[in-house]
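Worksheet for the structure shown next.
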Protein chains: 2
Amino acid sequence: MSRREEAKTFNRARICAAAESIIRSEGMDNLTMRRLAVVAGVSLRTPYNLFGSKTDVLIALLDEAVFKFTQLGSARADGAAMARILRALEQIETFFDSDETYYRGIYAAIMNSDHPEVRSTNVDRAVASAYVLMTHAISNGELRADTDAQSLGRHLAITLLAVLGMWGSGFFSNRESMAQVRRAWLAMMLQHCSETSRPMLAAAYSNPNDIGG
Amino acid sequence: MSRREEAKTFNRARICAAAESIIRSEGMDNLTMRRLAVVAGVSLRTPYNLFGSKTDVLIALLDEAVFKFTQLGSARADGAAMARILRALEQIETFFDSDETYYRGIYAAIMNSDHPEVRSTNVDRAVASAYVLMTHAISNGELRADTDAQSLGRHLAITLLAVLGMWGSGFFSNRESMAQVRRAWLAMMLQHCSETSRPMLAAAYSNPNDIGG
DNA sequence: AATATTATTGACACATGTTATAAAAATACT
DNA sequence: AGTATTTTTATAACATGTGTCAATAATATT
């Protein structure tokens with residue numbers, strides 16, 4: 001990496017750190033571009049050069065968060081697909097709980113921005129992982145062989161993201177959001193599961209506190 | 001109503017009409033408060049006096065739309081509850097199709113505004129109607145007697161609104177949104193349905209083009 | 001080392017939602 | 001009719017995201 005690129009990377013990091021610090025100590029409302037420039041020790045124009053827009057700065061923060069989350073998740077990518085997808089939900093909830101205002105803040109800010117292209121990447125990411133899980137579940141015999149992994153995966157991913165949208169707007173708690181998704185997911189998976197996995201899923205559906213595997 | 005109140009009502013209507021006209025002929029981006037004031041033939045301050053904020057003006061437009069929609073819906077409030085709730089989805093789709101850019105525009109604008117209190121009323125409204133339908137379905141024998149109408153109704157309503165949130169952001173078409181909701185609703189209702197209604201619901205689930213009643 | 005390229009800065013400007021303030025107009029009250 | 005109250009208006013202002021543009025500093029190229 002050339003020294004120029006190094007400097008840019010360094011400045012990007014400084015700006016992200018400043019943004020995070022402002023959000024944490026002064027709240028989302030006080031994250032203005034002018035304040036960001038001051039705290040990052042940089043000119044007003046620089047965040048625009050390095051990121052593009054305020055929303056893009058927030059996206060960088062979200063990406064950091066997603067990265068942090070996926071690192072946690074991959075540590076336990078074992079077990080059956082149905083159990084894993086439910087466990088993922090719990091992990092999301094725990095993750096949000098660990099820093100609720102911060103994550104909700106950046107998520108809401110991004111979703112409320114009028115940069116629609118953001119959401120697409122978000123969705124693509126989720127759809128892709130759901131698809132992997134579904135094919136795995138099918139070859140595993142957890143879902144019936146005639147299941148359309150593409151369509152089901154997409155449906156489940158969208159369910160999650162749609163609820164997350166409301167979560168971001170502060171409409172309900174981490175727990176409520178995940179309960180909503182869990183219930184929807186279970187009902188959906190019960191429509192496509194094999195007889196092997198049905199008992200576990202049915203039990204999980206009846207008991208909202210059971211992880212189901 | 002006093003003449004003062006009459007005048008206010010009249011001005012409110014004029015402002016709404018102007019807003020609608022601007023959105024239709026110049027697009028959402030050109031709906032600025034200054035332009036709105038000019039087109040409505042009113043001072044810049046007046047919309048603030050009469051509505052409170054730009055978002056509140058848009059909410060008034062949404063309310064008009066909801067009113068228009070409910071008038072259509074109530075004309076066919078007959079038949080079984082399960083069929084009715086599915087038919088409601090179709091009606092929403094048709095309604096959106098009839099004026100897609102307009103409805104999507106105001107919905108997105110409201111959702112993307114940072115006035116979170118808006119969403120609550122929206123949700124309460126939807127939860128209430130879903131609850132009514134669910135109790136009806138239970139007493140009708142379409143859903144099992146042990147079904148928690150409150151919880152199920154709320155779940156279904158949130159499912160709809162969560163997807164509508166993504167619809168507003170332009171993420172998918174009217175048809176795709178409603179298909180997503182329909183599928184989620186059917187899977188959920190299949191978890192609670194009686195044996196009487198199961199065949200209809202199962203058939204509807206398998207065939208995305210079937211209204212199911 | 002001299003020159004060319006690129007990144008950052010600074011100062012300013014613009015559009016927008018929103019608020020402040022005082023004057024003017026409309027309405028209500030007596 | 002005359003006075004008090006409420007609403008609307010006009011005008012200016014403010015904060016914010018974002019863009020422009022020239023100057024300057026940092027880096028790359030020769």
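Letters for chains follow the order of the structure tokens (A, B, ...), residue numbers begin at 1 for each chain, and ligand numbers begin at 1 in the order shown.
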
query = Which chain C residues are at most 9 Å from chain A (counting only C-alpha atoms (C1' of nucleotides)), as a ChimeraX atom specification?
reply = /C:6-10

Put those residues in a file: all heavy atoms, as a compact mmCIF listing (two decimals), in the first residue's frame.
# COMPACT_ATOMS: atom_id res chain seq x y z
P DT C 6 -3.25 11.61 -10.35
OP1 DT C 6 -3.41 10.18 -10.66
OP2 DT C 6 -4.02 12.67 -11.06
O5' DT C 6 -3.49 11.79 -8.78
C5' DT C 6 -2.58 11.19 -7.86
C4' DT C 6 -2.82 11.73 -6.48
O4' DT C 6 -2.24 13.06 -6.35
C3' DT C 6 -4.30 11.86 -6.09
O3' DT C 6 -4.47 11.14 -4.90
C2' DT C 6 -4.50 13.38 -5.91
C1' DT C 6 -3.09 13.83 -5.54
N1 DT C 6 -2.75 15.25 -5.79
C2 DT C 6 -2.18 15.99 -4.78
O2 DT C 6 -1.95 15.54 -3.68
N3 DT C 6 -1.86 17.28 -5.11
C4 DT C 6 -2.06 17.90 -6.33
O4 DT C 6 -1.74 19.07 -6.51
C5 DT C 6 -2.66 17.08 -7.35
C7 DT C 6 -2.92 17.66 -8.71
C6 DT C 6 -2.97 15.81 -7.04
P DA C 7 -5.88 10.90 -4.23
OP1 DA C 7 -5.98 9.51 -3.78
OP2 DA C 7 -6.90 11.51 -5.10
O5' DA C 7 -5.71 11.81 -2.92
C5' DA C 7 -4.49 11.79 -2.23
C4' DA C 7 -4.57 12.64 -0.97
O4' DA C 7 -4.17 13.99 -1.28
C3' DA C 7 -5.95 12.73 -0.34
O3' DA C 7 -5.78 12.61 1.07
C2' DA C 7 -6.47 14.10 -0.76
C1' DA C 7 -5.19 14.90 -0.99
N9 DA C 7 -5.25 15.80 -2.15
C8 DA C 7 -5.77 15.53 -3.39
N7 DA C 7 -5.67 16.53 -4.24
C5 DA C 7 -5.06 17.54 -3.50
C6 DA C 7 -4.68 18.85 -3.84
N6 DA C 7 -4.88 19.39 -5.04
N1 DA C 7 -4.09 19.59 -2.87
C2 DA C 7 -3.89 19.04 -1.66
N3 DA C 7 -4.21 17.81 -1.24
C4 DA C 7 -4.79 17.11 -2.22
P DT C 8 -6.94 12.95 2.07
OP1 DT C 8 -6.69 12.19 3.30
OP2 DT C 8 -8.22 12.86 1.36
O5' DT C 8 -6.66 14.48 2.39
C5' DT C 8 -5.50 14.82 3.13
C4' DT C 8 -5.52 16.30 3.42
O4' DT C 8 -5.57 17.02 2.17
C3' DT C 8 -6.74 16.77 4.23
O3' DT C 8 -6.25 17.38 5.42
C2' DT C 8 -7.46 17.74 3.30
C1' DT C 8 -6.37 18.16 2.33
N1 DT C 8 -6.82 18.53 0.95
C2 DT C 8 -6.52 19.78 0.48
O2 DT C 8 -5.92 20.61 1.13
N3 DT C 8 -6.95 20.04 -0.81
C4 DT C 8 -7.64 19.16 -1.65
O4 DT C 8 -7.97 19.48 -2.78
C5 DT C 8 -7.92 17.85 -1.08
C7 DT C 8 -8.66 16.84 -1.89
C6 DT C 8 -7.50 17.62 0.18
P DT C 9 -7.24 17.92 6.49
OP1 DT C 9 -6.59 17.85 7.81
OP2 DT C 9 -8.55 17.28 6.27
O5' DT C 9 -7.35 19.45 6.07
C5' DT C 9 -6.15 20.22 5.97
C4' DT C 9 -6.45 21.58 5.39
O4' DT C 9 -6.88 21.42 4.02
C3' DT C 9 -7.56 22.35 6.11
O3' DT C 9 -6.97 23.48 6.73
C2' DT C 9 -8.53 22.75 4.97
C1' DT C 9 -7.71 22.52 3.72
N1 DT C 9 -8.46 22.13 2.49
C2 DT C 9 -8.52 23.01 1.43
O2 DT C 9 -8.01 24.12 1.46
N3 DT C 9 -9.21 22.55 0.34
C4 DT C 9 -9.83 21.31 0.20
O4 DT C 9 -10.42 20.99 -0.83
C5 DT C 9 -9.72 20.43 1.34
C7 DT C 9 -10.34 19.08 1.30
C6 DT C 9 -9.05 20.88 2.42
P DG C 10 -7.77 24.22 7.88
OP1 DG C 10 -6.76 24.76 8.80
OP2 DG C 10 -8.85 23.35 8.36
O5' DG C 10 -8.42 25.45 7.08
C5' DG C 10 -7.60 26.20 6.20
C4' DG C 10 -8.46 27.21 5.46
O4' DG C 10 -9.01 26.60 4.26
C3' DG C 10 -9.66 27.73 6.26
O3' DG C 10 -9.69 29.14 6.14
C2' DG C 10 -10.87 27.06 5.59
C1' DG C 10 -10.38 26.84 4.16
N9 DG C 10 -10.96 25.70 3.48
C8 DG C 10 -11.27 24.47 4.03
N7 DG C 10 -11.77 23.62 3.15
C5 DG C 10 -11.79 24.34 1.96
C6 DG C 10 -12.23 23.95 0.66
O6 DG C 10 -12.69 22.87 0.31
N1 DG C 10 -12.08 24.98 -0.27
C2 DG C 10 -11.59 26.22 0.02
N2 DG C 10 -11.51 27.08 -0.99
N3 DG C 10 -11.17 26.61 1.23
C4 DG C 10 -11.31 25.61 2.15

inquiry  = Taking only C-alpha atoms (C1' of nucleotides) into account, find every residue of chain A that has an atom no more than 9 Å from chain D, and write it out as a list in words.
reply    =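 My answer is Arg3, Arg4, Thr32, Met33, Arg34, Tyr48, Ser53 and Lys54 of chain A.
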
Those residues you just picked out, can you put them in a file as a short mmCIF file (atom, residue, chain, number, x, y, z; two decimals), in the first residue's frame with N, CA, C and O atoms?
data_model
loop_
_atom_site.label_atom_id
_atom_site.label_comp_id
_atom_site.auth_asym_id
_atom_site.auth_seq_id
_atom_site.Cartn_x
_atom_site.Cartn_y
_atom_site.Cartn_z
N ARG A 3 2.07 5.17 0.46
CA ARG A 3 1.93 6.03 1.64
C ARG A 3 0.63 6.82 1.59
O ARG A 3 0.02 7.13 2.61
N ARG A 4 0.23 7.15 0.37
CA ARG A 4 -1.03 7.88 0.25
C ARG A 4 -2.21 7.04 0.73
O ARG A 4 -3.05 7.51 1.49
N THR A 32 -22.84 15.57 13.89
CA THR A 32 -22.97 16.38 12.68
C THR A 32 -21.63 16.34 11.97
O THR A 32 -20.60 16.03 12.59
N MET A 33 -21.65 16.64 10.72
CA MET A 33 -20.41 16.58 9.96
C MET A 33 -19.40 17.58 10.48
O MET A 33 -18.20 17.32 10.51
N ARG A 34 -19.88 18.73 10.91
CA ARG A 34 -18.95 19.74 11.42
C ARG A 34 -18.30 19.29 12.72
O ARG A 34 -17.10 19.43 12.91
N TYR A 48 -16.01 13.67 3.47
CA TYR A 48 -16.67 13.52 2.17
C TYR A 48 -15.71 12.92 1.16
O TYR A 48 -16.09 12.08 0.34
N SER A 53 -20.35 10.43 2.05
CA SER A 53 -21.47 11.12 2.69
C SER A 53 -21.52 10.71 4.15
O SER A 53 -20.81 9.79 4.59
N LYS A 54 -22.34 11.38 4.89
CA LYS A 54 -22.52 11.04 6.30
C LYS A 54 -23.00 9.59 6.43
O LYS A 54 -22.50 8.83 7.27
#

ask   = Counting only C-alpha atoms, which residues from chain B have an atom at most 8 Å from any atom of chain A, and could you show them as number ranges by chain?
value = B: 111-114, 116, 119-120, 155, 159, 162-163, 165-166, 169-171, 180, 184, 187-188, 191

I need the chosen residues saved as a PDB file, in the first residue's frame, with N, CA and C atoms.
ATOM      1  N   MET B 111     -41.801   7.027   6.842  1.00  0.00           N
ATOM      2  CA  MET B 111     -40.973   6.038   7.529  1.00  0.00           C
ATOM      3  C   MET B 111     -39.529   6.521   7.671  1.00  0.00           C
ATOM      4  N   ASN B 112     -39.074   7.265   6.674  1.00  0.00           N
ATOM      5  CA  ASN B 112     -37.699   7.751   6.733  1.00  0.00           C
ATOM      6  C   ASN B 112     -37.555   9.014   7.568  1.00  0.00           C
ATOM      7  N   SER B 113     -38.642   9.536   8.037  1.00  0.00           N
ATOM      8  CA  SER B 113     -38.528  10.723   8.874  1.00  0.00           C
ATOM      9  C   SER B 113     -38.152  10.290  10.287  1.00  0.00           C
ATOM     10  N   ASP B 114     -37.582  11.200  11.012  1.00  0.00           N
ATOM     11  CA  ASP B 114     -37.249  10.822  12.388  1.00  0.00           C
ATOM     12  C   ASP B 114     -38.332  11.281  13.354  1.00  0.00           C
ATOM     13  N   PRO B 116     -40.566   9.055  15.261  1.00  0.00           N
ATOM     14  CA  PRO B 116     -40.894   7.646  15.513  1.00  0.00           C
ATOM     15  C   PRO B 116     -42.328   7.435  15.987  1.00  0.00           C
ATOM     16  N   ARG B 119     -45.080   5.764  13.681  1.00  0.00           N
ATOM     17  CA  ARG B 119     -45.183   4.335  13.433  1.00  0.00           C
ATOM     18  C   ARG B 119     -46.091   3.645  14.433  1.00  0.00           C
ATOM     19  N   SER B 120     -46.079   4.103  15.671  1.00  0.00           N
ATOM     20  CA  SER B 120     -46.898   3.475  16.703  1.00  0.00           C
ATOM     21  C   SER B 120     -48.365   3.452  16.324  1.00  0.00           C
ATOM     22  N   HIS B 155     -48.685 -10.633  15.939  1.00  0.00           N
ATOM     23  CA  HIS B 155     -47.610 -11.163  15.095  1.00  0.00           C
ATOM     24  C   HIS B 155     -47.905 -10.914  13.611  1.00  0.00           C
ATOM     25  N   THR B 159     -45.873  -8.490  11.012  1.00  0.00           N
ATOM     26  CA  THR B 159     -45.317  -9.045   9.778  1.00  0.00           C
ATOM     27  C   THR B 159     -45.652  -8.142   8.596  1.00  0.00           C
ATOM     28  N   ALA B 162     -43.802  -4.719   8.915  1.00  0.00           N
ATOM     29  CA  ALA B 162     -42.357  -4.831   8.718  1.00  0.00           C
ATOM     30  C   ALA B 162     -42.044  -4.919   7.222  1.00  0.00           C
ATOM     31  N   VAL B 163     -42.831  -5.721   6.517  1.00  0.00           N
ATOM     32  CA  VAL B 163     -42.602  -5.840   5.075  1.00  0.00           C
ATOM     33  C   VAL B 163     -42.959  -4.538   4.366  1.00  0.00           C
ATOM     34  N   GLY B 165     -42.539  -1.688   5.489  1.00  0.00           N
ATOM     35  CA  GLY B 165     -41.401  -0.797   5.675  1.00  0.00           C
ATOM     36  C   GLY B 165     -40.405  -0.964   4.544  1.00  0.00           C
ATOM     37  N   MET B 166     -40.115  -2.203   4.197  1.00  0.00           N
ATOM     38  CA  MET B 166     -39.165  -2.446   3.110  1.00  0.00           C
ATOM     39  C   MET B 166     -39.779  -2.053   1.768  1.00  0.00           C
ATOM     40  N   SER B 169     -39.326   1.575   1.190  1.00  0.00           N
ATOM     41  CA  SER B 169     -37.970   1.938   0.775  1.00  0.00           C
ATOM     42  C   SER B 169     -37.707   1.536  -0.660  1.00  0.00           C
ATOM     43  N   GLY B 170     -38.710   1.021  -1.331  1.00  0.00           N
ATOM     44  CA  GLY B 170     -38.536   0.678  -2.740  1.00  0.00           C
ATOM     45  C   GLY B 170     -37.809  -0.624  -2.936  1.00  0.00           C
ATOM     46  N   PHE B 171     -37.698  -1.405  -1.871  1.00  0.00           N
ATOM     47  CA  PHE B 171     -36.905  -2.600  -2.037  1.00  0.00           C
ATOM     48  C   PHE B 171     -37.565  -3.647  -2.915  1.00  0.00           C
ATOM     49  N   GLN B 180     -44.643 -12.012   0.003  1.00  0.00           N
ATOM     50  CA  GLN B 180     -43.863 -12.296   1.215  1.00  0.00           C
ATOM     51  C   GLN B 180     -44.787 -12.361   2.437  1.00  0.00           C
ATOM     52  N   ALA B 184     -45.828 -15.708   4.739  1.00  0.00           N
ATOM     53  CA  ALA B 184     -45.591 -15.707   6.188  1.00  0.00           C
ATOM     54  C   ALA B 184     -46.897 -15.905   6.946  1.00  0.00           C
ATOM     55  N   ALA B 187     -48.126 -19.604   6.642  1.00  0.00           N
ATOM     56  CA  ALA B 187     -47.350 -20.529   7.473  1.00  0.00           C
ATOM     57  C   ALA B 187     -47.762 -20.386   8.931  1.00  0.00           C
ATOM     58  N   MET B 188     -47.965 -19.148   9.339  1.00  0.00           N
ATOM     59  CA  MET B 188     -48.329 -18.898  10.727  1.00  0.00           C
ATOM     60  C   MET B 188     -49.732 -19.406  11.021  1.00  0.00           C
ATOM     61  N   GLN B 191     -50.161 -23.009  11.620  1.00  0.00           N
ATOM     62  CA  GLN B 191     -49.764 -23.509  12.941  1.00  0.00           C
ATOM     63  C   GLN B 191     -50.922 -23.477  13.929  1.00  0.00           C
TER      64      GLN B 191
END

message = So the first atom is atom C1' of C:DA22 and the second is atom CA of B:Ala13; what is the distance between them in Å, to one decimal place?
response = 27.9 Å

key: Sel. of alpha helix (DSSP H) residues, chain B, as a PyMOL selection string   = chain B and resi 3-26+33-40+45-50+54-74+81-98+100-111+117-139+149-168+174-190+198-206

inquiry  = To one decimal place in Å, what is the distance between atom CA of B:Gly27 and atom CA of B:Glu100?
reply    =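 Atom-to-atom, atom CA of B:Gly27 and atom CA of B:Glu100 are spaced 12.6 Å apart.
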